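Student: So here's entry-v5.cif, just mmCIF, C-alpha atoms:
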```cif
data_query
loop_
_atom_site.label_atom_id
_atom_site.label_comp_id
_atom_site.auth_asym_id
_atom_site.auth_seq_id
_atom_site.Cartn_x
_atom_site.Cartn_y
_atom_site.Cartn_z
CA MET A 26 6.88 -3.94 23.27
CA THR A 27 10.58 -4.69 23.08
CA GLN A 28 12.62 -2.92 20.47
CA ARG A 29 13.04 -6.11 18.49
CA GLU A 30 9.31 -6.75 18.35
CA ASP A 31 8.86 -3.16 17.38
CA ILE A 32 11.25 -3.44 14.45
CA ALA A 33 9.70 -6.73 13.33
CA ARG A 34 6.28 -5.16 13.43
CA GLN A 35 7.36 -2.07 11.50
CA ARG A 36 8.90 -4.25 8.85
CA GLU A 37 5.76 -6.30 8.64
CA VAL A 38 3.62 -3.19 8.28
CA ALA A 39 5.78 -1.78 5.48
CA LEU A 40 5.62 -5.05 3.53
CA VAL A 41 1.91 -5.52 4.05
CA ASP A 42 1.37 -1.91 2.98
CA LEU A 43 3.40 -2.55 -0.16
CA VAL A 44 1.43 -5.69 -1.03
CA ASP A 45 -1.87 -3.98 -0.23
CA ARG A 46 -1.13 -1.15 -2.58
CA LEU A 47 0.44 -2.98 -5.50
CA LEU A 48 -1.95 -5.92 -5.58
CA ALA A 49 -5.19 -4.29 -4.49
CA GLY A 50 -4.70 -0.62 -5.38
CA GLY A 51 -3.72 1.24 -8.51
CA VAL A 52 -5.48 1.66 -11.81
CA VAL A 53 -6.64 -1.55 -13.46
CA LEU A 54 -6.10 -1.47 -17.23
CA GLY A 55 -8.05 -4.08 -19.08
CA GLY A 56 -8.69 -7.44 -17.51
CA ASP A 57 -5.36 -9.15 -17.87
CA LEU A 58 -3.87 -9.15 -14.41
CA THR A 59 -1.30 -11.67 -13.37
CA LEU A 60 -2.93 -12.42 -10.08
CA SER A 61 -6.39 -13.53 -9.11
CA ILE A 62 -7.79 -12.71 -5.70
CA ALA A 63 -6.90 -16.22 -4.53
CA ASP A 64 -3.30 -15.64 -5.61
CA VAL A 65 -3.22 -12.40 -3.64
CA ASP A 66 -4.23 -14.32 -0.53
CA LEU A 67 -1.36 -16.70 -1.17
CA VAL A 68 1.03 -13.77 -1.40
CA TYR A 69 -0.08 -12.65 2.06
CA VAL A 70 0.47 -16.14 3.45
CA GLY A 71 3.94 -16.29 1.91
CA LEU A 72 4.73 -12.84 3.20
CA ARG A 73 3.71 -13.73 6.73
CA ALA A 74 5.89 -16.82 6.62
CA LEU A 75 8.84 -14.80 5.33
CA ILE A 76 8.50 -12.05 7.91
CA THR A 77 8.06 -14.56 10.70
CA SER A 78 11.14 -16.48 9.65
CA VAL A 79 13.24 -13.32 9.45
CA ALA A 80 12.04 -12.24 12.89
CA THR A 81 12.76 -15.69 14.29
CA ALA A 82 16.22 -15.75 12.78
CA GLU A 83 17.01 -12.36 14.29
CA GLU A 84 15.71 -13.59 17.61
CA LYS A 85 18.33 -16.32 17.43
CA GLY A 86 21.03 -13.84 16.51
CA LEU A 87 21.33 -14.88 12.88
CA ALA A 88 21.81 -12.15 10.34
CA ILE A 89 19.94 -12.64 7.10
CA PRO A 90 21.53 -10.77 4.22
CA PRO A 91 19.10 -8.51 2.35
CA ALA A 92 17.84 -9.92 -0.94
CA GLN A 93 20.21 -9.10 -3.78
CA GLY A 94 19.02 -7.27 -6.92
CA ARG A 95 18.52 -9.47 -9.95
CA PRO A 96 14.82 -10.24 -9.92
CA PHE A 97 13.38 -13.25 -11.72
CA ARG A 98 13.84 -13.78 -15.43
CA MET B 16 4.24 -8.77 -24.03
CA ILE B 17 4.12 -5.35 -22.40
CA TRP B 18 4.32 -4.76 -18.68
CA ALA B 19 2.83 -1.41 -17.65
CA TYR B 20 3.88 0.57 -14.57
CA ALA B 21 2.11 3.89 -14.68
CA VAL B 22 0.26 6.47 -16.74
CA CYS B 23 1.62 10.04 -16.71
CA ASP B 24 1.05 13.27 -18.53
CA HIS B 25 3.77 15.58 -19.92
CA PRO B 26 4.84 12.88 -22.39
CA ASP B 27 7.83 14.99 -23.49
CA LEU B 28 9.58 14.71 -20.13
CA PRO B 29 12.47 12.26 -20.59
CA LEU B 30 11.99 8.90 -18.90
CA PRO B 31 14.29 8.01 -16.01
CA ARG B 32 17.10 5.58 -16.80
CA ARG B 33 16.02 3.27 -14.00
CA ARG B 34 15.30 -0.27 -15.17
CA GLY B 35 12.11 -2.17 -14.70
CA LEU B 36 11.25 -5.79 -14.10
CA ALA B 37 13.94 -8.28 -15.09
CA GLN B 38 16.25 -5.28 -15.69
CA ALA B 39 14.32 -4.34 -18.83
CA PRO B 40 14.68 -0.70 -19.95
CA LEU B 41 11.69 1.61 -19.58
CA GLU B 42 9.81 2.80 -22.64
CA GLY B 43 7.02 5.29 -23.12
CA ILE B 44 3.93 4.73 -25.25
CA ARG B 45 2.29 8.00 -26.13
CA GLN B 46 -1.31 8.82 -26.86
CA ASP B 47 -1.77 12.57 -27.30
CA GLY B 48 -1.09 14.13 -23.89
CA LEU B 49 -0.73 10.86 -21.99
CA LEU B 50 2.19 8.49 -21.64
CA ALA B 51 2.12 4.87 -20.49
CA VAL B 52 5.44 3.80 -18.97
CA VAL B 53 6.14 0.17 -19.81
CA SER B 54 8.82 -2.44 -20.41
CA GLN B 55 8.75 -5.14 -23.07
CA HIS B 56 9.27 -8.80 -22.27
CA THR B 57 9.44 -12.04 -24.17
CA HIS B 58 8.90 -14.16 -21.07
CA VAL B 59 5.93 -13.37 -18.90
CA PRO B 60 7.15 -11.81 -15.68
CA GLY B 61 4.74 -11.52 -12.85
CA ASP B 62 5.82 -13.86 -10.13
CA PRO B 63 4.85 -11.64 -7.22
CA ALA B 64 8.17 -12.18 -5.46
CA LEU B 65 9.13 -9.31 -3.20
CA ASP B 66 11.92 -8.35 -5.60
CA ALA B 67 9.41 -7.91 -8.40
CA LEU B 68 7.03 -5.90 -6.23
CA TRP B 69 9.84 -3.58 -5.23
CA ALA B 70 11.10 -3.29 -8.82
CA HIS B 71 7.63 -2.16 -9.95
CA GLU B 72 7.27 0.15 -6.97
CA ARG B 73 10.64 1.83 -7.51
CA VAL B 74 9.82 2.61 -11.13
CA VAL B 75 6.61 4.30 -10.07
CA GLU B 76 8.31 6.15 -7.22
CA ARG B 77 11.03 7.41 -9.55
CA LEU B 78 8.42 8.68 -12.00
CA MET B 79 6.58 10.34 -9.16
CA ALA B 80 9.70 12.35 -8.34
CA ASP B 81 9.23 14.66 -11.32
CA ARG B 82 5.65 14.25 -12.57
CA ALA B 83 2.13 13.29 -11.58
CA VAL B 84 1.53 9.54 -11.94
CA LEU B 85 -1.33 7.10 -11.94
CA PRO B 86 0.24 3.92 -10.58
CA LEU B 87 -1.06 0.79 -12.28
CA ARG B 88 -1.86 -2.34 -10.36
CA PHE B 89 1.01 -4.82 -10.21
CA GLY B 90 0.54 -7.40 -12.94
CA THR B 91 -0.91 -5.11 -15.60
CA LYS B 92 0.03 -6.71 -18.92
CA LEU B 93 -1.01 -5.88 -22.45
CA PRO B 94 -0.25 -7.77 -25.64
CA ASP B 95 1.17 -4.95 -27.77
CA VAL B 96 1.72 -1.22 -28.26
CA GLU B 97 -1.57 -0.80 -30.11
CA SER B 98 -3.63 -2.16 -27.23
CA VAL B 99 -1.87 0.22 -24.82
CA ARG B 100 -2.70 3.18 -27.08
CA ALA B 101 -6.29 2.03 -27.46
CA THR B 102 -6.70 1.80 -23.67
CA LEU B 103 -5.24 5.28 -23.15
CA ALA B 104 -7.55 6.68 -25.81
CA ALA B 105 -10.63 4.96 -24.39
CA ARG B 106 -10.09 6.30 -20.87
CA TYR B 107 -8.35 9.54 -21.79
CA ASP B 108 -10.60 11.99 -19.92
CA GLU B 109 -10.82 9.84 -16.82
CA PHE B 110 -7.02 9.59 -16.64
CA LEU B 111 -6.50 13.32 -17.10
CA LEU B 112 -9.02 14.06 -14.37
CA THR B 113 -7.44 11.62 -11.91
CA LEU B 114 -3.97 13.00 -12.68
CA GLU B 115 -5.20 16.45 -11.65
CA LYS B 116 -6.53 15.01 -8.42
CA VAL B 117 -3.20 13.48 -7.42
CA ARG B 118 -0.81 16.11 -8.82
CA GLY B 119 1.60 17.38 -6.18
CA ARG B 120 0.21 14.92 -3.64
CA VAL B 121 1.41 11.67 -2.14
CA GLU B 122 -0.18 8.87 -0.20
CA LEU B 123 0.66 8.04 3.40
CA GLY B 124 -0.43 4.82 5.05
CA VAL B 125 -1.41 4.73 8.70
CA ARG B 126 -2.10 1.70 10.81
CA ALA B 127 -2.97 1.75 14.48
CA MET B 128 -2.56 -1.47 16.41
CA ALA B 129 -3.76 -2.14 19.92
CA SER B 130 -0.72 -3.03 21.99
CA PRO B 131 -0.65 -6.70 22.82
CA GLN B 132 -2.24 -7.53 26.16
CA PRO B 133 0.30 -8.75 28.72
CA ASP B 134 -1.30 -12.21 28.91
CA GLY B 135 -1.30 -12.67 25.14
CA ALA B 136 1.84 -10.75 24.36
CA ALA B 137 3.89 -13.47 22.73
CA ALA B 138 1.24 -14.59 20.26
CA ALA B 139 -0.20 -11.21 19.44
CA VAL B 140 2.25 -10.06 16.79
CA VAL B 141 1.86 -12.81 14.26
CA THR B 142 -1.30 -14.73 15.05
CA PRO B 143 -3.68 -12.94 17.39
CA GLN B 144 -5.43 -15.44 19.62
CA PRO B 145 -8.10 -14.74 22.18
CA ALA B 146 -6.28 -14.22 25.46
CA SER B 147 -8.72 -16.41 27.33
CA THR B 148 -11.62 -18.60 26.32
CA PRO B 149 -14.88 -16.81 27.10
CA GLN B 150 -17.23 -18.79 29.28
CA THR B 151 -20.43 -18.39 27.31
CA GLY B 152 -21.42 -17.34 23.83
CA ARG B 153 -23.23 -14.41 25.36
CA SER B 154 -20.22 -13.04 27.19
CA TYR B 155 -18.11 -13.65 24.10
CA LEU B 156 -20.44 -11.49 22.02
CA PHE B 157 -20.55 -8.78 24.68
CA ASP B 158 -16.76 -8.76 24.78
CA LYS B 159 -16.59 -8.53 21.04
CA LEU B 160 -19.12 -5.72 20.92
CA ALA B 161 -17.33 -3.78 23.65
CA ARG B 162 -14.04 -4.25 21.85
CA GLY B 163 -15.62 -3.04 18.61
CA HIS B 164 -16.92 0.14 20.27
CA ARG B 165 -13.62 0.79 21.96
CA ASN B 166 -11.71 0.23 18.72
CA GLU B 167 -14.00 2.52 16.77
CA HIS B 168 -13.58 5.26 19.35
CA GLU B 169 -9.79 4.91 19.28
CA ALA B 170 -9.79 4.75 15.48
CA GLY B 171 -11.73 7.99 15.22
CA ALA B 172 -9.39 9.76 17.61
CA VAL B 173 -6.52 8.94 15.23
CA HIS B 174 -8.30 9.11 11.89
CA ASP B 175 -10.30 12.34 12.28
CA PRO B 176 -7.39 14.75 12.85
CA LEU B 177 -5.33 13.05 10.11
CA ALA B 178 -8.23 13.18 7.63
CA ALA B 179 -8.64 16.87 8.39
CA MET B 180 -5.05 17.52 7.33
CA ALA B 181 -5.33 15.37 4.20
CA VAL B 182 -6.87 16.21 0.84
CA ALA B 183 -8.64 12.85 0.80
CA SER B 184 -8.67 9.79 2.99
CA ARG B 185 -9.70 6.22 2.75
CA ARG B 186 -10.27 3.66 5.47
CA SER B 187 -10.06 -0.07 4.88
CA ARG B 188 -11.51 -2.85 6.92
CA SER B 189 -9.23 -4.00 9.71
CA GLN B 190 -7.73 -7.39 9.10
CA SER B 191 -7.41 -8.47 12.70
CA ASP B 192 -8.88 -7.70 16.12
CA ASP B 193 -5.82 -5.81 17.24
CA GLU B 194 -5.77 -3.62 14.14
CA VAL B 195 -7.75 -0.58 15.21
CA LEU B 196 -7.24 1.57 12.12
CA ARG B 197 -6.02 0.93 8.59
CA ALA B 198 -6.20 3.97 6.39
CA ALA B 199 -4.60 5.87 3.54
CA TYR B 200 -4.32 9.65 3.25
CA LEU B 201 -3.69 11.75 0.18
CA VAL B 202 -1.47 14.59 1.36
CA GLN B 203 0.12 17.62 -0.31
CA ARG B 204 3.83 16.96 -0.69
CA ALA B 205 4.57 20.06 1.36
CA ASP B 206 2.45 18.70 4.22
CA VAL B 207 4.19 15.34 4.63
CA ALA B 208 6.44 16.46 7.49
CA ARG B 209 3.53 18.15 9.25
CA PHE B 210 1.43 15.02 8.81
CA ARG B 211 4.18 12.86 10.33
CA MET B 212 4.47 15.22 13.29
CA LEU B 213 0.73 14.93 13.82
CA VAL B 214 1.07 11.14 13.81
CA GLN B 215 3.74 11.44 16.50
CA ARG B 216 1.57 13.71 18.56
CA LEU B 217 -1.37 11.31 18.30
CA GLN B 218 0.94 8.49 19.32
CA GLN B 219 1.90 10.42 22.46
CA GLN B 220 -1.75 11.04 23.23
CA GLN B 221 -2.63 7.36 22.76
CA PRO B 222 0.20 5.34 24.27
CA GLU B 223 -2.00 2.23 24.32
CA LEU B 224 -1.84 2.12 20.51
CA ALA B 225 1.09 1.50 18.20
CA ILE B 226 0.59 3.96 15.35
CA LEU B 227 2.68 3.25 12.27
CA CYS B 228 2.97 5.53 9.29
CA THR B 229 4.42 4.39 5.94
CA GLY B 230 5.14 6.30 2.76
CA PRO B 231 5.17 8.56 0.91
CA TRP B 232 3.64 6.12 -1.57
CA PRO B 233 2.41 6.79 -5.08
CA PRO B 234 -1.35 7.38 -4.80
CA TYR B 235 -2.38 3.71 -5.23
CA SER B 236 -5.41 4.06 -2.99
CA PHE B 237 -6.81 7.13 -4.73
CA VAL B 238 -6.84 6.22 -8.41
CA GLY B 239 -8.73 2.97 -8.63
CA ALA B 240 -12.17 1.50 -8.88
CA GLY B 241 -14.29 1.77 -5.78
CA ASP B 242 -12.98 5.26 -5.31
CA GLU B 243 -16.49 6.38 -4.44
CA ALA B 244 -15.74 5.17 -0.91
CA THR B 245 -13.07 7.84 -0.67
CA ALA B 246 -13.91 10.77 1.50
CA ILE B 247 -12.80 13.90 -0.29
CA ARG B 248 -12.62 16.91 1.92
CA GLY B 249 -14.59 19.57 0.12
CA GLY B 250 -15.70 23.10 0.89
CA ALA B 251 -19.04 21.89 2.22
CA SER B 252 -17.80 19.58 4.97
#
```
Spell out the structure here as structure tokens.

Tutor:
Amino acid sequence: MTQREDIARQREVALVDLVDRLLAGGVVLGGDLTLSIADVDLVYVGLRALITSVATAEEKGLAIPPAQGRPFR
Amino acid sequence: MIWAYAVCDHPDLPLPRRRGLAQAPLEGIRQDGLLAVVSQHTHVPGDPALDALWAHERVVERLMADRAVLPLRFGTKLPDVESVRATLAARYDEFLLTLEKVRGRVELGVRAMASPQPDGAAAAVVTPQPASTPQTGRSYLFDKLARGHRNEHEAGAVHDPLAAMAVASRRSRSQSDDEVLRAAYLVQRADVARFRMLVQRLQQQQPELAILCTGPWPPYSFVGAGDEATAIRGGAS
């Protein structure tokens, strides 16, 4: 595996681990969760697309700035 | 609307000044010896954008730095303070018990991937495809079976020594053919470095795998429903 593939894969693993834990792990309080199982699947799809596009951009030598603070409102 | 991050004990410990989702300040809602850490919102947050996931995660990680925490699933919302108190009261004993189980411990994630085969190398990272089309259904099934046995053998060689060092462990179903092992380990804080060294050693022993270790995470995989699947290492085993 080249170093670039290695980094892309590590990044992918960290993000998938984050999503796995936050959306499928943890204590469930009551029934009012934001996301249904179907939504969780969509998150994975979106995540894949994001990771792939970052990896592709890096492949082409483009630097993507890290996401800036300020989450949604 | 109340967004909840975690349940802790020691409700008198001051809350960190870190902000939560949408930069909202953290608040504690107390019920006897338990504290729910929340933020209040007029709009409903919950778009699972990566920013929001990380914002939730960082709050829980910060809490974990100086107390035992039960991380709540992302998206846990309750209508008002009273309903939070009622939930804490209803599950009081369960929460105290689980807090004891995770106190002083963290979760580490381990994933072992089969290295891409040379003939399928380019496609293997994102969308694993069969490297070649099998000629018959029979040979396809034999291949699949052989791969399953091989993967299980490799998975055990990684998982067993790690599980022996952990307080508890939990394996999840692999999500692709090249994912040999996907597991979470509950580890004493003091053992994290030793655990990572063991991962490195296993990686050297199994160069055909890519073994990736993430964390320390809050103990998301050891506090939830379905926990009966968790293998707790006890005196008997």

Student: For chain B, report every residue with an atom at most 7 Å from chain A (counting all atoms listed in the file), formatted as JSON, numbers by chain.

Tutor: {"B": [37, 60, 61, 66, 67, 85, 86, 87, 88, 89, 90, 91, 92, 229, 235, 236, 238, 239]}

Student: Which residues match the PyMOL selection byres ((chain B and resi 161-178) around 9) in the file above, as a VMD selection string?

Tutor: chain B and resid 125 127 129 156 to 160 179 to 186 192 to 198 200 to 201 210 213 to 214 217 to 218 221 224 226 246 248

Student: Quick one: of B:Ala64, B:Ala21, B:Met16, B:Ala51, who's nearest to Ala104 (chain B), counting all atoms listed in the file?

Tutor: B:Ala51

Student: To test your reading of the syntax: which residues would the PyMOL selection byres ((chain B and resi 71) around 9) return for the file shown? Reply as a list of chain:residue names.

Tutor: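 Expected selection for the PyMOL selection byres ((chain B and resi 71) around 9) here is A:Leu47, B:Tyr20, B:Gly35, B:Leu36, B:Asp66, B:Ala67, B:Leu68, B:Trp69, B:Ala70, B:Glu72, B:Arg73, B:Val74, B:Val75, B:Glu76, B:Phe89.
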
Student: Can you measure CA of Leu93 (chain B) to CA of Ile17 (chain B) for me? One decimal in Å is fine.

Tutor: 5.2 Å

Student: If I take CA of Arg32 (chain B) and CA of Val84 (chain B), how far is one from the other in Å, to one decimal?

Tutor: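 Going from CA of Arg32 (chain B) over to CA of Val84 (chain B), I get 16.8 Å.
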
Student: I'd like the contact shell of Asp47 (chain B) - 10 Å cut-off, only C-alpha atoms, skipping same-chain residues fewer than 3 positions apart - returned as an NGL selection string.

Tutor: :B and (24-26 or 44 or 50 or 100 or 103-104 or 107)

Student: Using Å and a single decimal, report how far CA of Val41 (chain A) sits from CA of Asp206 (chain B).

Tutor: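 Computing it gives 24.2 Å between the two atoms.
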
Student: Just so the selection is clear, what residues does the PyMOL selection byres ((chain B and resi 43) around 10) cover here, as a list in words?

Tutor: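 The output of the PyMOL selection byres ((chain B and resi 43) around 10) on this file is Ala19, Ala21, Val22, Cys23, Pro26, Asp27, Pro29, Leu30, Leu41, Glu42, Ile44, Arg45, Gln46, Leu49, Leu50, Ala51, Val52, Val53, Ser54 and Val96 of chain B.
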
Student: Return as JSON the box centre and box size in Å, one decimal, for an axis-aligned box around all listed atoms of region 34-44 of chain A padded by 5 Å per side.

Tutor:
```
{"center_x": 5.1, "center_y": -4.0, "center_z": 6.2, "size_x": 17.5, "size_y": 14.5, "size_z": 24.5}
```
